[in-house]
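Quick look at final-v4.pdb (PDB, C-alpha atoms, pLDDT in the B column):
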ATOM      1  CA  MET J 124      34.377  36.674 241.232  1.00 60.00           C
ATOM      2  CA  ALA J 125      34.810  38.099 244.723  1.00 73.00           C
ATOM      3  CA  LYS J 126      32.638  36.690 247.475  1.00 85.00           C
ATOM      4  CA  ARG J 127      29.409  38.669 247.695  1.00 96.00           C
ATOM      5  CA  ALA J 128      28.838  39.080 251.420  1.00 98.00           C
ATOM      6  CA  ALA J 129      28.120  41.707 254.054  1.00 98.00           C
ATOM      7  CA  THR J 130      28.037  42.046 257.807  1.00 98.00           C
ATOM      8  CA  VAL J 131      25.744  44.573 259.471  1.00 98.00           C
ATOM      9  CA  ASN J 132      25.528  45.503 263.144  1.00 98.00           C
ATOM     10  CA  ARG J 133      22.847  47.802 264.529  1.00 98.00           C
ATOM     11  CA  THR J 134      22.408  48.830 268.150  1.00 98.00           C
ATOM     12  CA  THR J 135      19.695  51.183 269.351  1.00 97.00           C
ATOM     13  CA  ARG J 136      17.694  51.557 272.554  1.00 96.00           C
ATOM     14  CA  GLU J 137      15.169  49.161 271.005  1.00 96.00           C
ATOM     15  CA  THR J 138      17.293  46.462 269.350  1.00 97.00           C
ATOM     16  CA  ASP J 139      20.762  44.959 269.141  1.00 98.00           C
ATOM     17  CA  ILE J 140      21.300  43.126 265.844  1.00 98.00           C
ATOM     18  CA  ALA J 141      24.216  41.279 264.273  1.00 98.00           C
ATOM     19  CA  LEU J 142      23.741  39.932 260.749  1.00 98.00           C
ATOM     20  CA  THR J 143      26.017  38.271 258.211  1.00 98.00           C
ATOM     21  CA  LEU J 144      24.739  37.514 254.709  1.00 98.00           C
ATOM     22  CA  VAL J 145      26.504  35.546 251.956  1.00 98.00           C
ATOM     23  CA  LEU J 146      24.712  35.665 248.609  1.00 98.00           C
ATOM     24  CA  ASP J 147      26.672  32.849 247.003  1.00 95.00           C
ATOM     25  CA  GLY J 148      26.070  30.463 249.849  1.00 94.00           C
ATOM     26  CA  GLU J 149      24.600  27.043 250.457  1.00 93.00           C
ATOM     27  CA  GLY J 150      21.393  27.952 252.273  1.00 92.00           C
ATOM     28  CA  LYS J 151      23.008  27.595 255.712  1.00 96.00           C
ATOM     29  CA  VAL J 152      20.873  29.581 258.113  1.00 98.00           C
ATOM     30  CA  LYS J 153      21.138  30.359 261.813  1.00 98.00           C
ATOM     31  CA  VAL J 154      18.542  32.883 262.947  1.00 98.00           C
ATOM     32  CA  ASP J 155      17.499  33.978 266.431  1.00 98.00           C
ATOM     33  CA  THR J 156      15.336  37.090 266.582  1.00 98.00           C
ATOM     34  CA  GLY J 157      13.485  36.186 269.760  1.00 97.00           C
ATOM     35  CA  VAL J 158      10.342  35.830 267.620  1.00 97.00           C
ATOM     36  CA  GLY J 159       9.938  32.187 266.644  1.00 97.00           C
ATOM     37  CA  PHE J 160       7.654  32.763 263.683  1.00 97.00           C
ATOM     38  CA  ALA J 161      10.024  35.398 262.265  1.00 98.00           C
ATOM     39  CA  ASP J 162      12.908  32.950 262.627  1.00 98.00           C
ATOM     40  CA  HIS J 163      10.870  30.449 260.612  1.00 98.00           C
ATOM     41  CA  MET J 164      10.086  32.958 257.839  1.00 98.00           C
ATOM     42  CA  LEU J 165      13.652  34.277 257.568  1.00 98.00           C
ATOM     43  CA  THR J 166      15.035  30.742 257.536  1.00 98.00           C
ATOM     44  CA  LEU J 167      12.696  29.812 254.685  1.00 98.00           C
ATOM     45  CA  CYS J 168      13.595  32.923 252.693  1.00 98.00           C
ATOM     46  CA  ALA J 169      17.370  32.491 253.024  1.00 98.00           C
ATOM     47  CA  PHE J 170      17.231  28.744 252.394  1.00 98.00           C
ATOM     48  CA  TRP J 171      15.214  29.097 249.180  1.00 98.00           C
ATOM     49  CA  ALA J 172      17.468  31.970 248.057  1.00 98.00           C
ATOM     50  CA  GLY J 173      20.547  29.802 248.610  1.00 97.00           C
ATOM     51  CA  PHE J 174      21.958  32.489 250.896  1.00 98.00           C
ATOM     52  CA  ASP J 175      23.944  31.850 254.042  1.00 98.00           C
ATOM     53  CA  LEU J 176      22.423  33.936 256.815  1.00 98.00           C
ATOM     54  CA  GLU J 177      23.528  34.328 260.409  1.00 98.00           C
ATOM     55  CA  LEU J 178      21.373  36.667 262.450  1.00 98.00           C
ATOM     56  CA  THR J 179      20.782  37.493 266.098  1.00 98.00           C
ATOM     57  CA  CYS J 180      18.450  40.148 267.421  1.00 98.00           C
ATOM     58  CA  ARG J 181      17.818  41.162 270.999  1.00 98.00           C
ATOM     59  CA  GLY J 182      14.862  43.505 271.034  1.00 96.00           C
ATOM     60  CA  ASP J 183      12.288  45.080 273.318  1.00 97.00           C
ATOM     61  CA  LEU J 184       9.873  42.174 273.022  1.00 94.00           C
ATOM     62  CA  GLU J 185       8.279  43.217 276.306  1.00 94.00           C
ATOM     63  CA  ILE J 186       6.600  45.897 274.173  1.00 91.00           C
ATOM     64  CA  ASP J 187       5.922  43.799 271.067  1.00 93.00           C
ATOM     65  CA  SER J 188       7.811  42.468 268.037  1.00 95.00           C
ATOM     66  CA  HIS J 189       7.448  45.597 265.882  1.00 96.00           C
ATOM     67  CA  HIS J 190      10.847  47.177 266.584  1.00 97.00           C
ATOM     68  CA  SER J 191      12.679  43.866 266.281  1.00 97.00           C
ATOM     69  CA  LEU J 192      11.154  42.885 262.940  1.00 98.00           C
ATOM     70  CA  GLU J 193      11.392  46.368 261.446  1.00 98.00           C
ATOM     71  CA  ASP J 194      15.065  46.665 262.425  1.00 98.00           C
ATOM     72  CA  VAL J 195      15.850  43.132 261.219  1.00 98.00           C
ATOM     73  CA  GLY J 196      14.329  44.203 257.894  1.00 98.00           C
ATOM     74  CA  LEU J 197      16.544  47.297 257.815  1.00 98.00           C
ATOM     75  CA  CYS J 198      19.657  45.214 258.488  1.00 98.00           C
ATOM     76  CA  LEU J 199      18.745  42.528 255.966  1.00 98.00           C
ATOM     77  CA  GLY J 200      18.070  45.128 253.274  1.00 98.00           C
ATOM     78  CA  GLN J 201      21.342  46.937 254.032  1.00 98.00           C
ATOM     79  CA  ALA J 202      23.283  43.661 253.898  1.00 98.00           C
ATOM     80  CA  LEU J 203      21.691  42.755 250.572  1.00 98.00           C
ATOM     81  CA  ALA J 204      22.621  46.142 249.082  1.00 97.00           C
ATOM     82  CA  GLU J 205      26.185  45.966 250.398  1.00 97.00           C
ATOM     83  CA  ALA J 206      26.702  42.378 249.238  1.00 98.00           C
ATOM     84  CA  LEU J 207      25.490  43.273 245.729  1.00 96.00           C
ATOM     85  CA  GLY J 208      28.001  46.120 245.478  1.00 93.00           C
ATOM     86  CA  ASP J 209      27.874  47.745 242.034  1.00 91.00           C
ATOM     87  CA  LYS J 210      25.405  45.065 240.799  1.00 92.00           C
ATOM     88  CA  GLN J 211      27.499  44.343 237.717  1.00 89.00           C
ATOM     89  CA  GLY J 212      26.030  41.454 235.740  1.00 92.00           C
ATOM     90  CA  ILE J 213      23.088  40.632 238.003  1.00 95.00           C
ATOM     91  CA  VAL J 214      19.864  39.466 236.375  1.00 95.00           C
ATOM     92  CA  ARG J 215      18.098  42.112 238.499  1.00 95.00           C
ATOM     93  CA  VAL J 216      14.396  41.317 237.848  1.00 97.00           C
ATOM     94  CA  ALA J 217      12.777  38.063 238.918  1.00 98.00           C
ATOM     95  CA  SER J 218       9.575  36.535 240.216  1.00 98.00           C
ATOM     96  CA  ALA J 219       8.335  33.386 241.899  1.00 98.00           C
ATOM     97  CA  LYS J 220       4.967  31.871 242.739  1.00 98.00           C
ATOM     98  CA  VAL J 221       4.748  29.397 245.611  1.00 98.00           C
ATOM     99  CA  PRO J 222       1.863  27.331 246.968  1.00 98.00           C
ATOM    100  CA  MET J 223       1.535  26.275 250.596  1.00 98.00           C
ATOM    101  CA  ASP J 224      -1.412  23.951 251.019  1.00 98.00           C
ATOM    102  CA  GLU J 225      -4.509  26.084 250.235  1.00 98.00           C
ATOM    103  CA  ALA J 226      -2.509  29.324 249.883  1.00 98.00           C
ATOM    104  CA  LEU J 227      -0.697  30.827 246.900  1.00 98.00           C
ATOM    105  CA  ALA J 228       1.618  33.843 246.924  1.00 98.00           C
ATOM    106  CA  GLU J 229       3.576  35.611 244.204  1.00 98.00           C
ATOM    107  CA  VAL J 230       6.613  37.826 244.711  1.00 98.00           C
ATOM    108  CA  VAL J 231       8.242  40.015 242.058  1.00 98.00           C
ATOM    109  CA  VAL J 232      11.520  41.870 242.685  1.00 98.00           C
ATOM    110  CA  ASP J 233      13.584  44.427 240.812  1.00 97.00           C
ATOM    111  CA  LEU J 234      16.983  45.235 242.326  1.00 97.00           C
ATOM    112  CA  SER J 235      16.913  48.572 240.542  1.00 94.00           C
ATOM    113  CA  GLY J 236      18.157  50.777 243.359  1.00 94.00           C
ATOM    114  CA  ARG J 237      14.724  52.407 243.508  1.00 95.00           C
ATOM    115  CA  PRO J 238      12.836  51.219 246.606  1.00 97.00           C
ATOM    116  CA  TYR J 239       9.118  50.540 246.528  1.00 98.00           C
ATOM    117  CA  LEU J 240       6.743  48.107 248.188  1.00 98.00           C
ATOM    118  CA  VAL J 241       3.380  46.957 246.866  1.00 98.00           C
ATOM    119  CA  TYR J 242       1.784  44.744 249.494  1.00 97.00           C
ATOM    120  CA  ASP J 243      -1.903  43.980 249.971  1.00 93.00           C
ATOM    121  CA  ASP J 244      -2.478  41.985 253.149  1.00 95.00           C
ATOM    122  CA  ALA J 245      -6.295  41.893 252.995  1.00 96.00           C
ATOM    123  CA  LEU J 246      -6.277  38.072 252.996  1.00 97.00           C
ATOM    124  CA  LEU J 247      -4.151  37.820 256.136  1.00 97.00           C
ATOM    125  CA  PRO J 248      -5.876  37.362 259.485  1.00 96.00           C
ATOM    126  CA  GLU J 249      -5.439  40.274 261.901  1.00 97.00           C
ATOM    127  CA  VAL J 250      -3.184  38.203 264.186  1.00 96.00           C
ATOM    128  CA  ILE J 251      -0.635  35.595 263.071  1.00 96.00           C
ATOM    129  CA  ALA J 252       1.428  33.630 265.602  1.00 94.00           C
ATOM    130  CA  GLY J 253       0.519  36.164 268.293  1.00 93.00           C
ATOM    131  CA  ASP J 254       1.534  39.284 266.339  1.00 94.00           C
ATOM    132  CA  GLU J 255      -0.552  41.810 264.431  1.00 95.00           C
ATOM    133  CA  LYS J 256      -0.290  41.286 260.693  1.00 97.00           C
ATOM    134  CA  ASP J 257       1.135  44.812 260.209  1.00 96.00           C
ATOM    135  CA  VAL J 258       4.583  43.756 261.440  1.00 97.00           C
ATOM    136  CA  TRP J 259       5.144  41.755 258.235  1.00 98.00           C
ATOM    137  CA  ARG J 260       4.386  44.737 256.000  1.00 98.00           C
ATOM    138  CA  GLU J 261       6.756  46.888 258.054  1.00 97.00           C
ATOM    139  CA  MET J 262       9.497  44.268 257.909  1.00 98.00           C
ATOM    140  CA  LEU J 263       9.218  43.847 254.129  1.00 98.00           C
ATOM    141  CA  LYS J 264       9.048  47.626 253.643  1.00 98.00           C
ATOM    142  CA  SER J 265      12.282  47.968 255.609  1.00 98.00           C
ATOM    143  CA  VAL J 266      13.996  45.291 253.513  1.00 98.00           C
ATOM    144  CA  ALA J 267      12.843  46.870 250.258  1.00 98.00           C
ATOM    145  CA  TYR J 268      13.860  50.409 251.174  1.00 98.00           C
ATOM    146  CA  LYS J 269      17.305  49.559 252.541  1.00 98.00           C
ATOM    147  CA  ALA J 270      18.039  47.146 249.680  1.00 98.00           C
ATOM    148  CA  GLY J 271      16.903  49.641 247.045  1.00 97.00           C
ATOM    149  CA  MET J 272      14.494  47.013 245.783  1.00 98.00           C
ATOM    150  CA  ASN J 273      11.148  47.262 244.078  1.00 98.00           C
ATOM    151  CA  LEU J 274       9.174  44.529 245.862  1.00 98.00           C
ATOM    152  CA  HIS J 275       5.675  43.352 245.029  1.00 98.00           C
ATOM    153  CA  VAL J 276       4.019  40.727 247.231  1.00 98.00           C
ATOM    154  CA  LYS J 277       0.641  39.352 246.168  1.00 98.00           C
ATOM    155  CA  PHE J 278      -1.362  36.905 248.233  1.00 98.00           C
ATOM    156  CA  GLU J 279      -3.435  35.257 245.510  1.00 98.00           C
ATOM    157  CA  TYR J 280      -5.670  33.143 247.758  1.00 98.00           C
ATOM    158  CA  GLY J 281      -5.706  31.162 250.982  1.00 98.00           C
ATOM    159  CA  GLN J 282      -7.203  31.184 254.481  1.00 96.00           C
ATOM    160  CA  ASN J 283      -4.391  30.308 256.872  1.00 97.00           C
ATOM    161  CA  GLY J 284      -2.078  33.191 257.816  1.00 97.00           C
ATOM    162  CA  HIS J 285       0.896  30.914 258.438  1.00 98.00           C
ATOM    163  CA  HIS J 286       0.460  29.315 255.018  1.00 98.00           C
ATOM    164  CA  LEU J 287       0.065  32.653 253.245  1.00 98.00           C
ATOM    165  CA  LEU J 288       3.199  34.158 254.795  1.00 98.00           C
ATOM    166  CA  GLU J 289       5.200  30.970 254.339  1.00 98.00           C
ATOM    167  CA  ALA J 290       4.355  30.943 250.632  1.00 98.00           C
ATOM    168  CA  ALA J 291       5.376  34.618 250.369  1.00 98.00           C
ATOM    169  CA  PHE J 292       8.726  34.216 252.140  1.00 98.00           C
ATOM    170  CA  LYS J 293       9.614  31.132 250.093  1.00 98.00           C
ATOM    171  CA  ALA J 294       8.676  33.044 246.942  1.00 98.00           C
ATOM    172  CA  LEU J 295      10.804  35.999 248.053  1.00 98.00           C
ATOM    173  CA  GLY J 296      13.763  33.675 248.505  1.00 98.00           C
ATOM    174  CA  LEU J 297      13.305  32.076 245.094  1.00 98.00           C
ATOM    175  CA  ALA J 298      12.890  35.461 243.382  1.00 98.00           C
ATOM    176  CA  LEU J 299      16.018  36.834 245.082  1.00 98.00           C
ATOM    177  CA  ALA J 300      17.999  33.729 244.088  1.00 98.00           C
ATOM    178  CA  GLN J 301      17.248  34.525 240.446  1.00 98.00           C
ATOM    179  CA  ALA J 302      17.625  38.313 240.712  1.00 98.00           C
ATOM    180  CA  VAL J 303      21.102  38.274 242.308  1.00 97.00           C
ATOM    181  CA  ARG J 304      22.432  35.669 239.871  1.00 95.00           C
ATOM    182  CA  VAL J 305      25.196  36.933 237.598  1.00 93.00           C
ATOM    183  CA  GLY J 306      23.911  36.257 234.119  1.00 81.00           C
ATOM    184  CA  ARG J 307      25.086  39.057 231.835  1.00 76.00           C
ATOM    185  CA  LYS J 308      27.871  41.533 231.252  1.00 73.00           C
ATOM    186  CA  GLY J 309      27.668  45.048 232.595  1.00 63.00           C
ATOM    187  CA  VAL J 310      24.690  46.611 234.348  1.00 63.00           C
ATOM    188  CA  SER J 311      21.172  45.369 233.653  1.00 54.00           C
ATOM    189  CA  SER J 312      19.832  48.709 232.503  1.00 52.00           C
ATOM    190  CA  THR J 313      19.432  50.411 229.145  1.00 49.00           C
ATOM    191  CA  LYS J 314      20.465  53.709 230.776  1.00 60.00           C
ATOM    192  CA  GLY J 315      23.760  52.177 231.909  1.00 59.00           C
ATOM    193  CA  SER J 316      23.316  52.538 235.661  1.00 60.00           C
ATOM    194  CA  LEU J 317      21.107  51.322 238.471  1.00 60.00           C
ATOM    195  CA  ASP J 318      19.530  53.864 240.812  1.00 65.00           C
TER     196      ASP J 318
END

Would you mind writing the structure in this file as structure tokens?
Amino acid sequence: MAKRAATVNRTTRETDIALTLVLDGEGKVKVDTGVGFADHMLTLCAFWAGFDLELTCRGDLEIDSHHSLEDVGLCLGQALAEALGDKQGIVRVASAKVPMDEALAEVVVDLSGRPYLVYDDALLPEVIAGDEKDVWREMLKSVAYKAGMNLHVKFEYGQNGHHLLEAAFKALGLALAQAVRVGRKGVSSTKGSLD
């Protein structure tokens, strides 16, 4: 099987991003977004997915982290879609539940080609690691839409924002590890195509 990998570069007036993703990797991760907490979350996700991820982002952090995290999400989603190619043989649908101390999160993915995000962040505090909680929804929405992925993130319970998001990003990694795995012949769809 050919190596499933993609490189994405994106330069705008708000961000300058270079990203390389290898799906069949070893969990080797080197991330520098300029936002330490985002680096932590992306590292966890790629490690638990078993992906190799190299990512740098230079963004307009003098404004806030919104543009950087949204654009990183766009690039990560694009790289995932490109690395999957025609999606022949992938398992496609997967889920994972992960605890982190008092918190529990569940993530369900379907690499169907039809983007959608279900994300209820009512349990998250308004500010996590210095950023408004909305940036995480926007980042995950960007990943889902560019990847063509149906993504459901459920925070089951917990009090600490760091713990809740850490559980979710680990769960996303584990779910993606299963979903991208080649485990059947042909396309995982009764209609014969993914879109």

Test item: residues at most 9 Å from Arg304 (chain J), all atoms listed in the file, excluding those fewer than 6 positions along its chain, as a PyMOL selection string: chain J and resi 147+212-215

Find the residue from J:Ala161, J:Leu176, J:Val216, J:Ala202 that sits nearest to Asp233 (chain J); use all atoms listed in the file when measuring.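 Nearest to Asp233 (chain J): J:Val216.
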
Need the axis-aligned box for region 281-288 of chain J with 5 Å each side, so what are the centre and edges in Å to one decimal, as AutoDock Vina command-line options?
--center_x -2.0 --center_y 31.7 --center_z 254.7 --size_x 20.4 --size_y 14.8 --size_z 17.5

Spell out the residues picked by the PyMOL selection byres ((chain J and resi 270) around 8) here, as a PDB file with C-alpha atoms, in the frame of the given file.
ATOM      1  CA  LEU J 199      18.745  42.528 255.966  1.00 98.00           C
ATOM      2  CA  GLY J 200      18.070  45.128 253.274  1.00 98.00           C
ATOM      3  CA  GLN J 201      21.342  46.937 254.032  1.00 98.00           C
ATOM      4  CA  ALA J 202      23.283  43.661 253.898  1.00 98.00           C
ATOM      5  CA  LEU J 203      21.691  42.755 250.572  1.00 98.00           C
ATOM      6  CA  ALA J 204      22.621  46.142 249.082  1.00 97.00           C
ATOM      7  CA  LEU J 234      16.983  45.235 242.326  1.00 97.00           C
ATOM      8  CA  GLY J 236      18.157  50.777 243.359  1.00 94.00           C
ATOM      9  CA  PRO J 238      12.836  51.219 246.606  1.00 97.00           C
ATOM     10  CA  VAL J 266      13.996  45.291 253.513  1.00 98.00           C
ATOM     11  CA  ALA J 267      12.843  46.870 250.258  1.00 98.00           C
ATOM     12  CA  TYR J 268      13.860  50.409 251.174  1.00 98.00           C
ATOM     13  CA  LYS J 269      17.305  49.559 252.541  1.00 98.00           C
ATOM     14  CA  GLY J 271      16.903  49.641 247.045  1.00 97.00           C
ATOM     15  CA  MET J 272      14.494  47.013 245.783  1.00 98.00           C
TER      16      MET J 272
END

Could you work out how far CA of Lys308 (chain J) lies from CA of Lys126 (chain J), giving the answer in Å with one decimal?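 CA of Lys308 (chain J) lies 17.6 Å from CA of Lys126 (chain J).
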
Kindly indicate which residue among J:Ser265, J:Gln211, J:Ser191, J:Thr143 lies nearest to Thr130 (chain J), using only C-alpha atoms for the distances.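 Once distances to Thr130 (chain J) are computed over only C-alpha atoms, the minimum belongs to J:Thr143.
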
Rank J:Gly196, J:Val158, J:Ile140, J:His189 by their smallest atom-to-atom distance to Glu177 (chain J), using only C-alpha atoms, and report the top residue only. J:Ile140

Can you build me a table of region 142-249 of chain J residues sitting at most 10 Å from region 277-288 of chain J, with the closest atom pair per residue and its distance in Å to one decimal, using all atoms listed in the file, sorted by chain and residue number, as a tab-separated table?
residue	atom	partner	partner_atom	distance
J:Phe160	CA	J:His285	CA	8.8
J:Met164	CA	J:Leu288	CA	7.6
J:Lys220	CA	J:Lys277	CA	9.3
J:Val221	CA	J:Leu287	CA	9.5
J:Pro222	CA	J:His286	CA	8.4
J:Met223	CA	J:His286	CA	5.5
J:Asp224	CA	J:His286	CA	6.9
J:Glu225	CA	J:Gly281	CA	5.3
J:Ala226	CA	J:Gly281	CA	3.8
J:Leu227	CA	J:Glu279	CA	5.4
J:Ala228	CA	J:Phe278	CA	4.5
J:Glu229	CA	J:Lys277	CA	5.1
J:Val230	CA	J:Lys277	CA	6.3
J:Val231	CA	J:Lys277	CA	8.7
J:Val241	CA	J:Lys277	CA	8.1
J:Tyr242	CA	J:Lys277	CA	6.4
J:Asp243	CA	J:Lys277	CA	6.5
J:Asp244	CA	J:Phe278	CA	7.2
J:Ala245	CA	J:Phe278	CA	8.5
J:Leu246	CA	J:Phe278	CA	6.9
J:Leu247	CA	J:Gly284	CA	5.3
J:Pro248	CA	J:Gly284	CA	5.9
J:Glu249	CA	J:Gly284	CA	8.8

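Minimum distance to Leu146 (chain J) across J:Val232, J:Ala169, J:Val131, J:Leu263 (counting all atoms listed in the file) occurs at J:Ala169.
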
Top pick for closest residue to Thr166 (chain J), considering J:Gly306, J:Asp209, J:Lys293, J:Ala298 and counting only C-alpha atoms: J:Lys293

Find the distance between CA of Arg181 (chain J) and CA of Thr156 (chain J) and write it in Å to one decimal.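 Pair CA of Arg181 (chain J) / CA of Thr156 (chain J) returns 6.5 Å.
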
Using all atoms listed in the file: which of J:Leu192, J:Thr134, J:Ser218, J:Gly208 has the shortest distance to Leu297 (chain J):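 Distance minimum relative to Leu297 (chain J) lands on J:Ser218.
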
Using all atoms listed in the file, which protein or nucleic acid residues come within 8 Å of Val258 (chain J)? Drop anything in the same chain fewer than 2 positions from it, and give the result as an MDAnalysis selection string. chainID J and resid 188:189 192:193 254:256 260:262

Tell me, in Å to one decimal, how far CA of Gly173 (chain J) is from CA of Asn273 (chain J).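 One can read the CA of Gly173 (chain J) to CA of Asn273 (chain J) distance as 20.3 Å.
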
The PyMOL selection byres ((chain J and resi 150) around 8) resolved against shown file, as an mmCIF file with C-alpha atoms, in the frame of the given file:
data_model
loop_
_atom_site.group_PDB
_atom_site.id
_atom_site.type_symbol
_atom_site.label_atom_id
_atom_site.label_comp_id
_atom_site.auth_asym_id
_atom_site.auth_seq_id
_atom_site.Cartn_x
_atom_site.Cartn_y
_atom_site.Cartn_z
ATOM 1 C CA GLY J 148 26.070 30.463 249.849
ATOM 2 C CA GLU J 149 24.600 27.043 250.457
ATOM 3 C CA LYS J 151 23.008 27.595 255.712
ATOM 4 C CA VAL J 152 20.873 29.581 258.113
ATOM 5 C CA ALA J 169 17.370 32.491 253.024
ATOM 6 C CA PHE J 170 17.231 28.744 252.394
ATOM 7 C CA TRP J 171 15.214 29.097 249.180
ATOM 8 C CA ALA J 172 17.468 31.970 248.057
ATOM 9 C CA GLY J 173 20.547 29.802 248.610
ATOM 10 C CA PHE J 174 21.958 32.489 250.896
ATOM 11 C CA ASP J 175 23.944 31.850 254.042
ATOM 12 C CA LEU J 176 22.423 33.936 256.815
#

Radius query 10 Å about (24.3, 47.0, 264.3), atoms used: all atoms listed in the file, as a ChimeraX atom specification: /J:130-135,138-142,180,194-195,198

Take region 207-225 of chain J from the block and save it with N, CA and C atoms, as an mmCIF file, in the first residue's frame.
data_model
loop_
_atom_site.group_PDB
_atom_site.id
_atom_site.type_symbol
_atom_site.label_atom_id
_atom_site.label_comp_id
_atom_site.auth_asym_id
_atom_site.auth_seq_id
_atom_site.Cartn_x
_atom_site.Cartn_y
_atom_site.Cartn_z
ATOM 1 N N LEU J 207 -6.027 10.453 2.871
ATOM 2 C CA LEU J 207 -6.959 9.325 2.715
ATOM 3 C C LEU J 207 -7.230 8.999 1.252
ATOM 4 N N GLY J 208 -7.039 9.963 0.366
ATOM 5 C CA GLY J 208 -7.245 9.711 -1.060
ATOM 6 C C GLY J 208 -8.656 9.239 -1.353
ATOM 7 N N ASP J 209 -8.773 8.100 -2.050
ATOM 8 C CA ASP J 209 -10.098 7.591 -2.430
ATOM 9 C C ASP J 209 -10.774 6.795 -1.312
ATOM 10 N N LYS J 210 -10.120 6.661 -0.175
ATOM 11 C CA LYS J 210 -10.668 6.018 1.035
ATOM 12 C C LYS J 210 -10.961 4.534 0.857
ATOM 13 N N GLN J 211 -10.363 3.929 -0.150
ATOM 14 C CA GLN J 211 -10.587 2.499 -0.384
ATOM 15 C C GLN J 211 -10.176 1.686 0.845
ATOM 16 N N GLY J 212 -11.107 0.877 1.338
ATOM 17 C CA GLY J 212 -10.813 -0.078 2.395
ATOM 18 C C GLY J 212 -10.808 0.450 3.813
ATOM 19 N N ILE J 213 -10.986 1.781 3.999
ATOM 20 C CA ILE J 213 -10.929 2.283 5.374
ATOM 21 C C ILE J 213 -12.152 1.824 6.169
ATOM 22 N N VAL J 214 -11.965 1.672 7.455
ATOM 23 C CA VAL J 214 -13.063 1.286 8.350
ATOM 24 C C VAL J 214 -14.139 2.362 8.356
ATOM 25 N N ARG J 215 -13.746 3.617 8.333
ATOM 26 C CA ARG J 215 -14.587 4.789 8.144
ATOM 27 C C ARG J 215 -15.258 5.311 9.411
ATOM 28 N N VAL J 216 -15.959 4.484 10.160
ATOM 29 C CA VAL J 216 -16.717 4.920 11.338
ATOM 30 C C VAL J 216 -16.055 4.373 12.591
ATOM 31 N N ALA J 217 -15.853 5.238 13.581
ATOM 32 C CA ALA J 217 -15.214 4.786 14.813
ATOM 33 C C ALA J 217 -15.550 5.739 15.954
ATOM 34 N N SER J 218 -15.335 5.249 17.166
ATOM 35 C CA SER J 218 -15.578 6.083 18.344
ATOM 36 C C SER J 218 -14.580 5.726 19.435
ATOM 37 N N ALA J 219 -14.444 6.649 20.377
ATOM 38 C CA ALA J 219 -13.583 6.406 21.538
ATOM 39 C C ALA J 219 -14.093 7.246 22.698
ATOM 40 N N LYS J 220 -13.950 6.688 23.890
ATOM 41 C CA LYS J 220 -14.297 7.370 25.130
ATOM 42 C C LYS J 220 -13.045 7.404 25.983
ATOM 43 N N VAL J 221 -12.696 8.578 26.493
ATOM 44 C CA VAL J 221 -11.454 8.716 27.254
ATOM 45 C C VAL J 221 -11.713 9.493 28.541
ATOM 46 N N PRO J 222 -11.220 8.967 29.672
ATOM 47 C CA PRO J 222 -11.274 9.727 30.913
ATOM 48 C C PRO J 222 -9.995 10.539 31.106
ATOM 49 N N MET J 223 -10.104 11.631 31.804
ATOM 50 C CA MET J 223 -8.939 12.392 32.263
ATOM 51 C C MET J 223 -9.289 12.911 33.645
ATOM 52 N N ASP J 224 -8.788 12.224 34.645
ATOM 53 C CA ASP J 224 -9.136 12.514 36.033
ATOM 54 C C ASP J 224 -10.658 12.523 36.197
ATOM 55 N N GLU J 225 -11.262 13.665 36.550
ATOM 56 C CA GLU J 225 -12.701 13.706 36.825
ATOM 57 C C GLU J 225 -13.541 13.839 35.550
#
